[in-house]
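Data block for work-v1.cif (mmCIF, C-alpha atoms):
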data_start
loop_
_atom_site.group_PDB
_atom_site.id
_atom_site.type_symbol
_atom_site.label_atom_id
_atom_site.label_comp_id
_atom_site.auth_asym_id
_atom_site.auth_seq_id
_atom_site.Cartn_x
_atom_site.Cartn_y
_atom_site.Cartn_z
ATOM 1 C CA MET A 1 8.549 78.676 -69.813
ATOM 2 C CA ARG A 2 10.716 79.890 -72.683
ATOM 3 C CA ALA A 3 14.491 80.364 -72.922
ATOM 4 C CA ASN A 4 16.233 81.615 -76.055
ATOM 5 C CA GLY A 5 13.068 80.950 -78.017
ATOM 6 C CA ILE A 6 12.740 77.301 -76.862
ATOM 7 C CA GLU A 7 9.588 76.045 -75.154
ATOM 8 C CA LEU A 8 11.277 74.282 -72.223
ATOM 9 C CA MET A 9 8.200 72.371 -71.031
ATOM 10 C CA ASN A 10 8.121 70.463 -74.327
ATOM 11 C CA PHE A 11 11.860 69.884 -74.588
ATOM 12 C CA PRO A 12 12.994 66.304 -73.744
ATOM 13 C CA PHE A 13 16.267 67.320 -72.020
ATOM 14 C CA GLY A 14 17.878 64.088 -73.247
ATOM 15 C CA GLN A 15 15.569 61.838 -71.235
ATOM 16 C CA THR A 16 14.431 58.328 -72.257
ATOM 17 C CA ARG A 17 13.195 55.175 -70.547
ATOM 18 C CA THR A 18 15.461 53.099 -72.814
ATOM 19 C CA ARG A 19 18.216 51.200 -71.012
ATOM 20 C CA VAL A 20 20.809 48.931 -72.644
ATOM 21 C CA ALA A 21 22.937 46.760 -70.369
ATOM 22 C CA SER A 22 25.264 43.837 -71.016
ATOM 23 C CA ARG A 23 22.610 41.178 -70.252
ATOM 24 C CA HIS A 24 19.311 42.940 -70.911
ATOM 25 C CA ALA A 25 17.736 45.934 -72.627
ATOM 26 C CA LEU A 26 14.532 47.950 -72.493
ATOM 27 C CA ILE A 27 13.809 49.733 -75.778
ATOM 28 C CA ALA A 28 11.102 52.393 -75.416
ATOM 29 C CA PRO A 29 9.260 53.744 -78.486
ATOM 30 C CA ASP A 30 10.567 57.274 -77.896
ATOM 31 C CA GLY A 31 13.961 56.269 -79.296
ATOM 32 C CA HIS A 32 12.930 54.274 -82.369
ATOM 33 C CA VAL A 33 15.019 54.945 -85.474
ATOM 34 C CA LYS A 34 14.128 53.483 -88.874
ATOM 35 C CA SER A 35 16.502 51.142 -90.715
ATOM 36 C CA ASN A 36 16.606 50.093 -94.347
ATOM 37 C CA VAL A 37 16.076 46.324 -94.262
ATOM 38 C CA PRO A 38 16.527 44.392 -97.530
ATOM 39 C CA GLY A 39 13.229 42.834 -98.571
ATOM 40 C CA ILE A 40 11.029 45.371 -96.774
ATOM 41 C CA THR A 41 9.619 48.274 -98.797
ATOM 42 C CA GLY A 42 6.932 50.868 -98.184
ATOM 43 C CA ALA A 43 7.306 50.545 -94.443
ATOM 44 C CA ALA A 44 9.131 51.906 -91.410
ATOM 45 C CA ALA A 45 11.391 49.121 -90.123
ATOM 46 C CA VAL A 46 12.940 49.332 -86.652
ATOM 47 C CA ILE A 47 15.511 46.735 -85.584
ATOM 48 C CA LEU A 48 14.833 46.504 -81.859
ATOM 49 C CA ILE A 49 17.118 43.592 -80.960
ATOM 50 C CA ASN A 50 19.929 41.838 -82.818
ATOM 51 C CA GLU A 51 23.450 40.472 -82.471
ATOM 52 C CA ALA A 52 24.949 43.966 -82.220
ATOM 53 C CA MET A 53 23.757 44.063 -78.578
ATOM 54 C CA GLY A 54 24.775 40.465 -77.907
ATOM 55 C CA ALA A 55 21.537 38.692 -78.840
ATOM 56 C CA ARG A 56 21.391 35.477 -80.881
ATOM 57 C CA PHE A 57 18.244 36.492 -82.758
ATOM 58 C CA ALA A 58 16.650 39.599 -84.251
ATOM 59 C CA GLN A 59 13.404 41.346 -83.320
ATOM 60 C CA LEU A 60 11.963 43.890 -85.765
ATOM 61 C CA LEU A 61 8.939 46.174 -85.721
ATOM 62 C CA ILE A 62 7.500 46.896 -89.168
ATOM 63 C CA THR A 63 4.873 49.602 -89.709
ATOM 64 C CA PHE A 64 3.481 49.361 -93.234
ATOM 65 C CA GLU A 65 2.112 51.898 -95.642
ATOM 66 C CA ALA A 66 -0.752 50.715 -97.852
ATOM 67 C CA THR A 67 1.754 50.098 -100.674
ATOM 68 C CA GLY A 68 4.255 48.245 -98.499
ATOM 69 C CA SER A 69 5.508 44.696 -98.711
ATOM 70 C CA ALA A 70 7.923 42.189 -97.178
ATOM 71 C CA VAL A 71 9.615 39.703 -99.506
ATOM 72 C CA PHE A 72 12.120 37.178 -98.110
ATOM 73 C CA ALA A 73 13.855 34.353 -99.966
ATOM 74 C CA GLY A 74 14.256 30.922 -98.422
ATOM 75 C CA ASN A 75 17.562 30.402 -96.583
ATOM 76 C CA ASP A 76 18.766 29.144 -93.198
ATOM 77 C CA THR A 77 16.813 31.864 -91.353
ATOM 78 C CA GLU A 78 13.431 31.088 -89.777
ATOM 79 C CA THR A 79 10.835 33.772 -89.030
ATOM 80 C CA CYS A 80 7.948 34.195 -86.597
ATOM 81 C CA GLY A 81 5.552 37.060 -87.250
ATOM 82 C CA TYR A 82 2.694 38.633 -85.264
ATOM 83 C CA PHE A 83 0.229 41.234 -86.562
ATOM 84 C CA GLU A 84 -0.291 43.632 -83.669
ATOM 85 C CA THR A 85 -2.664 45.802 -85.725
ATOM 86 C CA GLY A 86 -4.023 45.901 -89.261
ATOM 87 C CA GLY A 87 -3.369 42.948 -91.529
ATOM 88 C CA GLY A 88 -2.003 41.793 -94.862
ATOM 89 C CA THR A 89 -1.839 38.918 -97.329
ATOM 90 C CA LEU A 90 0.659 36.260 -96.245
ATOM 91 C CA GLU A 91 2.176 33.679 -98.546
ATOM 92 C CA ILE A 92 4.638 31.028 -97.365
ATOM 93 C CA GLU A 93 6.183 28.841 -100.032
ATOM 94 C CA GLY A 94 4.153 25.667 -100.407
ATOM 95 C CA GLU A 95 1.250 26.957 -98.277
ATOM 96 C CA LYS A 96 -2.140 28.430 -99.137
ATOM 97 C CA THR A 97 -2.206 32.237 -99.394
ATOM 98 C CA THR A 98 -3.847 33.663 -96.256
ATOM 99 C CA ARG A 99 -5.318 37.067 -95.431
ATOM 100 C CA CYS A 100 -4.185 37.837 -91.877
ATOM 101 C CA ALA A 101 -5.894 40.269 -89.495
ATOM 102 C CA ALA A 102 -4.833 41.748 -86.153
ATOM 103 C CA GLY A 103 -3.803 38.911 -83.860
ATOM 104 C CA GLY A 104 -2.663 36.834 -86.825
ATOM 105 C CA TYR A 105 0.649 35.043 -86.519
ATOM 106 C CA PHE A 106 2.861 32.801 -88.613
ATOM 107 C CA PHE A 107 6.005 30.712 -88.647
ATOM 108 C CA ALA A 108 8.026 30.506 -91.879
ATOM 109 C CA PRO A 109 10.456 27.557 -91.697
ATOM 110 C CA PRO A 110 14.064 27.755 -92.874
ATOM 111 C CA GLY A 111 14.385 27.195 -96.602
ATOM 112 C CA LYS A 112 10.907 28.570 -97.351
ATOM 113 C CA ALA A 113 10.385 31.948 -99.053
ATOM 114 C CA TRP A 114 7.604 34.126 -97.653
ATOM 115 C CA THR A 115 5.898 37.428 -98.501
ATOM 116 C CA ILE A 116 3.437 39.927 -97.069
ATOM 117 C CA THR A 117 1.597 42.130 -99.549
ATOM 118 C CA GLY A 118 -1.430 44.415 -99.591
ATOM 119 C CA PRO A 119 -1.181 45.526 -95.961
ATOM 120 C CA LYS A 120 -3.644 47.929 -94.406
ATOM 121 C CA ALA A 121 -2.053 51.336 -93.875
ATOM 122 C CA GLY A 122 -0.554 51.505 -90.383
ATOM 123 C CA THR A 123 -0.275 47.725 -89.948
ATOM 124 C CA ARG A 124 2.218 46.888 -87.181
ATOM 125 C CA LEU A 125 4.040 43.578 -87.541
ATOM 126 C CA THR A 126 6.598 42.138 -85.124
ATOM 127 C CA LEU A 127 9.161 39.690 -86.532
ATOM 128 C CA PHE A 128 11.467 37.326 -84.649
ATOM 129 C CA GLN A 129 14.233 35.855 -86.821
ATOM 130 C CA LYS A 130 17.085 33.440 -86.103
ATOM 131 C CA LYS A 131 19.347 30.943 -87.827
ATOM 132 C CA TYR A 132 17.795 27.499 -87.544
ATOM 133 C CA ALA A 133 19.667 24.965 -85.380
ATOM 134 C CA PRO A 134 19.104 21.526 -86.971
ATOM 135 C CA LEU A 135 18.402 18.588 -84.695
ATOM 136 C CA SER A 136 19.767 15.162 -85.604
ATOM 137 C CA ASN A 137 17.048 12.782 -86.830
ATOM 138 C CA ALA A 138 14.371 15.521 -86.722
ATOM 139 C CA VAL A 139 12.560 16.927 -89.735
ATOM 140 C CA ILE A 140 12.500 20.644 -90.538
ATOM 141 C CA PRO A 141 9.524 22.236 -88.734
ATOM 142 C CA ARG A 142 6.380 22.876 -90.737
ATOM 143 C CA ALA A 143 4.860 26.255 -91.540
ATOM 144 C CA VAL A 144 2.256 27.586 -89.093
ATOM 145 C CA ILE A 145 -0.455 30.207 -89.700
ATOM 146 C CA GLY A 146 -3.063 31.120 -87.075
ATOM 147 C CA ASN A 147 -4.771 33.804 -85.033
ATOM 148 C CA ALA A 148 -4.243 34.321 -81.310
ATOM 149 C CA SER A 149 -7.992 34.816 -80.780
ATOM 150 C CA ARG A 150 -8.419 31.094 -81.469
ATOM 151 C CA VAL A 151 -5.735 29.958 -79.008
ATOM 152 C CA LYS A 152 -7.059 29.369 -75.517
ATOM 153 C CA GLY A 153 -5.033 30.836 -72.679
ATOM 154 C CA GLN A 154 -4.033 28.330 -69.998
ATOM 155 C CA PRO A 155 -3.494 29.205 -66.306
ATOM 156 C CA PHE A 156 0.239 29.508 -65.674
ATOM 157 C CA LEU A 157 1.292 27.134 -62.887
ATOM 158 C CA GLY A 158 -2.333 27.029 -61.741
ATOM 159 C CA ASP A 159 -2.852 30.816 -61.575
ATOM 160 C CA SER A 160 -6.011 31.751 -63.515
ATOM 161 C CA ASP A 161 -5.006 35.450 -63.363
ATOM 162 C CA ALA A 162 -1.852 34.750 -65.405
ATOM 163 C CA ARG A 163 -2.685 32.982 -68.668
ATOM 164 C CA LEU A 164 -0.319 31.705 -71.335
ATOM 165 C CA GLN A 165 -1.187 31.266 -75.015
ATOM 166 C CA VAL A 166 1.236 28.917 -76.786
ATOM 167 C CA LEU A 167 1.213 29.869 -80.475
ATOM 168 C CA LEU A 168 3.578 27.287 -81.988
ATOM 169 C CA PRO A 169 3.602 23.476 -81.718
ATOM 170 C CA GLU A 170 5.514 22.035 -78.778
ATOM 171 C CA ASP A 171 7.462 19.810 -81.129
ATOM 172 C CA ALA A 172 11.185 18.952 -80.966
ATOM 173 C CA SER A 173 11.685 20.059 -84.571
ATOM 174 C CA PHE A 174 11.025 23.675 -83.475
ATOM 175 C CA ASP A 175 14.019 25.414 -81.896
ATOM 176 C CA LEU A 176 11.992 28.475 -80.905
ATOM 177 C CA ALA A 177 8.670 29.315 -79.284
ATOM 178 C CA MET A 178 6.351 32.327 -79.518
ATOM 179 C CA ASN A 179 3.790 32.907 -76.771
ATOM 180 C CA ILE A 180 1.441 35.563 -75.388
ATOM 181 C CA PHE A 181 1.228 36.089 -71.620
ATOM 182 C CA THR A 182 -1.761 37.983 -70.182
ATOM 183 C CA TYR A 183 -1.993 39.119 -66.558
ATOM 184 C CA GLN A 184 -4.926 40.511 -64.634
ATOM 185 C CA PRO A 185 -4.103 43.649 -62.585
ATOM 186 C CA GLY A 186 -1.955 42.634 -59.631
ATOM 187 C CA ALA A 187 -0.934 39.271 -61.098
ATOM 188 C CA THR A 188 2.753 38.394 -61.266
ATOM 189 C CA LEU A 189 5.202 35.760 -62.380
ATOM 190 C CA PRO A 190 5.239 33.406 -59.374
ATOM 191 C CA PHE A 191 9.004 33.682 -58.856
ATOM 192 C CA VAL A 192 12.123 35.322 -60.292
ATOM 193 C CA GLU A 193 13.027 33.154 -63.291
ATOM 194 C CA THR A 194 16.661 32.399 -64.172
ATOM 195 C CA HIS A 195 17.157 30.079 -67.142
ATOM 196 C CA VAL A 196 19.153 29.281 -70.266
ATOM 197 C CA MET A 197 16.427 30.478 -72.661
ATOM 198 C CA GLU A 198 16.927 33.878 -74.295
ATOM 199 C CA HIS A 199 13.904 36.165 -74.693
ATOM 200 C CA GLY A 200 12.690 38.904 -76.989
ATOM 201 C CA LEU A 201 9.500 40.608 -75.810
ATOM 202 C CA LEU A 202 6.965 43.197 -76.945
ATOM 203 C CA MET A 203 4.452 44.740 -74.532
ATOM 204 C CA LEU A 204 1.075 44.526 -76.283
ATOM 205 C CA ALA A 205 -1.256 46.125 -73.732
ATOM 206 C CA GLY A 206 -1.447 47.479 -70.205
ATOM 207 C CA GLN A 207 1.450 48.301 -67.953
ATOM 208 C CA GLY A 208 3.588 46.794 -65.276
ATOM 209 C CA VAL A 209 6.988 46.514 -63.659
ATOM 210 C CA TYR A 210 9.704 44.267 -65.088
ATOM 211 C CA ARG A 211 12.680 43.139 -63.040
ATOM 212 C CA LEU A 212 15.768 42.464 -65.190
ATOM 213 C CA GLN A 213 18.877 41.412 -63.260
ATOM 214 C CA HIS A 214 19.050 43.892 -60.357
ATOM 215 C CA SER A 215 16.981 46.662 -61.983
ATOM 216 C CA TRP A 216 13.232 47.338 -61.967
ATOM 217 C CA TYR A 217 11.635 49.070 -64.964
ATOM 218 C CA PRO A 218 8.151 50.518 -65.492
ATOM 219 C CA VAL A 219 6.890 49.147 -68.823
ATOM 220 C CA THR A 220 3.897 49.850 -71.030
ATOM 221 C CA ALA A 221 2.447 48.927 -74.428
ATOM 222 C CA GLY A 222 5.006 49.384 -77.204
ATOM 223 C CA ASP A 223 8.077 48.661 -75.082
ATOM 224 C CA ALA A 224 10.490 45.941 -76.235
ATOM 225 C CA ILE A 225 12.755 43.911 -73.941
ATOM 226 C CA TRP A 226 15.789 41.701 -74.530
ATOM 227 C CA MET A 227 16.762 39.141 -71.889
ATOM 228 C CA ALA A 228 20.018 37.236 -72.347
ATOM 229 C CA PRO A 229 20.364 33.645 -71.094
ATOM 230 C CA TYR A 230 20.417 33.499 -67.288
ATOM 231 C CA CYS A 231 19.160 37.064 -66.875
ATOM 232 C CA PRO A 232 17.017 37.012 -63.691
ATOM 233 C CA GLN A 233 13.523 38.192 -64.668
ATOM 234 C CA TRP A 234 10.157 38.888 -63.022
ATOM 235 C CA PHE A 235 6.984 40.766 -63.988
ATOM 236 C CA ALA A 236 4.046 42.322 -62.135
ATOM 237 C CA ALA A 237 0.968 43.840 -63.808
ATOM 238 C CA ILE A 238 -0.162 47.176 -62.393
ATOM 239 C CA GLY A 239 -2.963 49.596 -63.206
ATOM 240 C CA LYS A 240 -6.658 48.905 -63.782
ATOM 241 C CA ALA A 241 -6.471 46.951 -67.054
ATOM 242 C CA PRO A 242 -4.888 43.585 -67.945
ATOM 243 C CA ALA A 243 -1.297 43.604 -69.184
ATOM 244 C CA SER A 244 -0.096 41.346 -71.975
ATOM 245 C CA TYR A 245 3.107 40.724 -73.873
ATOM 246 C CA LEU A 246 4.304 38.710 -76.843
ATOM 247 C CA TYR A 247 7.580 36.888 -76.386
ATOM 248 C CA TYR A 248 10.131 34.687 -78.148
ATOM 249 C CA LYS A 249 12.400 32.069 -76.607
ATOM 250 C CA ASP A 250 14.808 29.433 -77.904
ATOM 251 C CA VAL A 251 13.892 25.843 -76.957
ATOM 252 C CA ASN A 252 14.439 22.117 -77.549
ATOM 253 C CA ARG A 253 18.182 21.951 -78.034
ATOM 254 C CA ALA A 254 20.947 20.140 -76.132
ATOM 255 C CA ALA A 255 22.866 21.779 -73.299
ATOM 256 C CA LEU A 256 26.191 21.166 -75.089
#

Show the structure stored in the file as structure tokens.
Amino acid sequence: MRANGIELMNFPFGQTRTRVASRHALIAPDGHVKSNVPGITGAAAVILINEAMGARFAQLLITFEATGSAVFAGNDTETCGYFETGGGTLEIEGEKTTRCAAGGYFFAPPGKAWTITGPKAGTRLTLFQKKYAPLSNAVIPRAVIGNASRVKGQPFLGDSDARLQVLLPEDASFDLAMNIFTYQPGATLPFVETHVMEHGLLMLAGQGVYRLQHSWYPVTAGDAIWMAPYCPQWFAAIGKAPASYLYYKDVNRAAL
């Protein structure tokens, strides 16, 4: 159908799956807009989550050109990174230079400079960044470099169809965690979770339904989700293939 020279069947009519509420958000890829982020060159950078929406951390999606790079000086910000596709050369101050492939991940502690250079064209990298919260009598956490393919998934609360890969050490010096959750079709979180931990999430594969507060959202690979503290949350995998997501949460700090 055409009207005034416009092909109406291909016109979006202002529709999007993105929803931004006071305590949660679903950011669908159809609304991504690039930002200029200091330290990142030769790449499309999208700031998916940050303090402007009420979050206490930032989640970025970086898609590199072959000439791209990320160069960050050491300060009070800590960074987790996950290579969804492609790869690049990672260097964290004081650590051995590592060539990372898809599934590679890292943690750059506060005070340590880090860089990514020589990425494959089209490399997609997710970053979680936050200001480090020091813990009395605890040392600054160490750098971590690994690949998710070498981290065994553990049944979540005894359910072998819902497996959790814990990517960072469960150590009190760390004030954040980064995990991958994989569900077989039909598997779910066992109950609606409500807790103090804040989440940033990226759907890696498959599809499902996410409950956030009193709303239910269809989600698929590429979607990002923010969950504020005490946002009721629940997930069910649907379709014929497993669903998985990468997520951040803040941990190991006092209630007051």

**Q.** Selection under test: the PyMOL selection byres ((chain A and resi 229) around 6); residues as a PyMOL selection string
**A.** chain A and resi 196-198+228+230-231

Q) Written as a list in words, what is the full residue list that the PyMOL selection byres ((chain A and resi 62) around 9) yields on the file shown? A)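 Residues picked by the PyMOL selection byres ((chain A and resi 62) around 9): Ile40, Ala43, Ala44, Ala45, Val46, Ile47, Leu60, Leu61, Thr63, Phe64, Thr123, Arg124, Leu125, Thr126 and Leu127 of chain A.
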
Q: List the residues selected by the PyMOL selection byres ((chain A and resi 30) around 10) in the file shown, writing them as number ranges by chain.
A: A: 15-18, 27-29, 31-33, 222-223

**Q.** Exercise: A:Arg211 partners within 7 Å, all atoms listed in the file, chain neighbours under 6 positions left out, as a PyMOL selection string
**A.** chain A and resi 217+233-235

Q: Please identify all polymer residues within 12 Å of A:Thr97, counting all atoms listed in the file, omitting same-chain residues fewer than 3 positions from it, and present them as a ChimeraX atom specification.
A: /A:88-94,100,106,114-117,145

Keeping only C-alpha atoms, write those residues as a CSV table (one decimal), in the frame of the given file.
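result-v6.csv was written with the following content:
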chain,number,residue,atom,x,y,z
A,88,GLY,CA,-2.0,41.8,-94.9
A,89,THR,CA,-1.8,38.9,-97.3
A,90,LEU,CA,0.7,36.3,-96.2
A,91,GLU,CA,2.2,33.7,-98.5
A,92,ILE,CA,4.6,31.0,-97.4
A,93,GLU,CA,6.2,28.8,-100.0
A,94,GLY,CA,4.2,25.7,-100.4
A,100,CYS,CA,-4.2,37.8,-91.9
A,106,PHE,CA,2.9,32.8,-88.6
A,114,TRP,CA,7.6,34.1,-97.7
A,115,THR,CA,5.9,37.4,-98.5
A,116,ILE,CA,3.4,39.9,-97.1
A,117,THR,CA,1.6,42.1,-99.5
A,145,ILE,CA,-0.5,30.2,-89.7

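With all atoms listed in the file as the atoms that count, the residue of A:Glu65, A:Asp76, A:Asp161, A:Glu95 with the shortest distance to A:Leu189 is A:Asp161.
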
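Distance annotation: of A:Asn147, A:Ser244, A:Gln129, A:Asn252, the residue with the minimal separation from A:Gly87 is A:Asn147; atom set is all atoms listed in the file.
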
Q. Which value, in Å to one decimal, gives the distance between atom CA of A:Asn75 and atom CA of A:Lys130?
A.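 Spanning atom CA of A:Asn75 to atom CA of A:Lys130 is a straight-line distance of 10.9 Å.
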
Q.
Show me the residues close to (-5.8, 49.3, -85.3) - anything with an atom within 8 Å, counting all atoms listed in the file - and format the list as a list in words.
A. Thr85, Gly86, Ala102, Gly122 and Thr123 of chain A

Just to be explicit: take each residue in the selection above, keep C-alpha atoms, and write the result as a PDB file, keeping the file's coordinate frame.
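For reference, out21.pdb as written:
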ATOM      1  CA  THR A  85      -2.664  45.802 -85.725  1.00  0.00           C
ATOM      2  CA  GLY A  86      -4.023  45.901 -89.261  1.00  0.00           C
ATOM      3  CA  ALA A 102      -4.833  41.748 -86.153  1.00  0.00           C
ATOM      4  CA  GLY A 122      -0.554  51.505 -90.383  1.00  0.00           C
ATOM      5  CA  THR A 123      -0.275  47.725 -89.948  1.00  0.00           C
TER       6      THR A 123
END

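The space separating atom CA of A:Asp171 from atom CA of A:Val151 comes to 16.8 Å.
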
Q. Atom CA of A:Asn179 and atom CA of A:Lys112, how far apart in Å?
A.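 Going from atom CA of A:Lys112 over to atom CA of A:Asn179, I get 22.2 Å.
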
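Counting all atoms listed in the file and comparing A:Ala101, A:Val219, A:Leu176, A:Val166, the residue that lies closest to A:Leu246 is A:Val166.
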
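Using all atoms listed in the file, the contacts of A:His199 at a cut-off of 9 Å, with sequence neighbours closer than 3 positions omitted, comprise Ile225, Trp226, Met227, Ala228, Pro229, Tyr247, Tyr248, Lys249 and Asp250 of chain A.
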
Q. Residues at most 10 Å from A:Ile238, counting all atoms listed in the file, excluding those fewer than 2 positions away in the same chain, as a PyMOL selection string?
A. chain A and resi 183-188+206-209+218-220+235-236+240-243

Would you compute the box with edges along x, y and z of the file around stretch 99-117 of chain A, including every atom the file lists for it and 5 Å extra on each side, and give its centre and edge lengths in Å to one decimal, as JSON?
{"center_x": 4.2, "center_y": 34.7, "center_z": -91.7, "size_x": 30.3, "size_y": 24.9, "size_z": 25.7}

**Q.** Counting only C-alpha atoms, the residue of A:Ala148, A:Ala172, A:Ala108, A:Met203 that sits nearest A:Gly81
**A.**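 When distances to A:Gly81 are compared using only C-alpha atoms, the smallest one comes from A:Ala108.
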
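Distance annotation: of A:Gly118, A:Gly146, A:Glu84, A:Val20, the residue with the minimal separation from A:Gly68 is A:Gly118; atom set is only C-alpha atoms.
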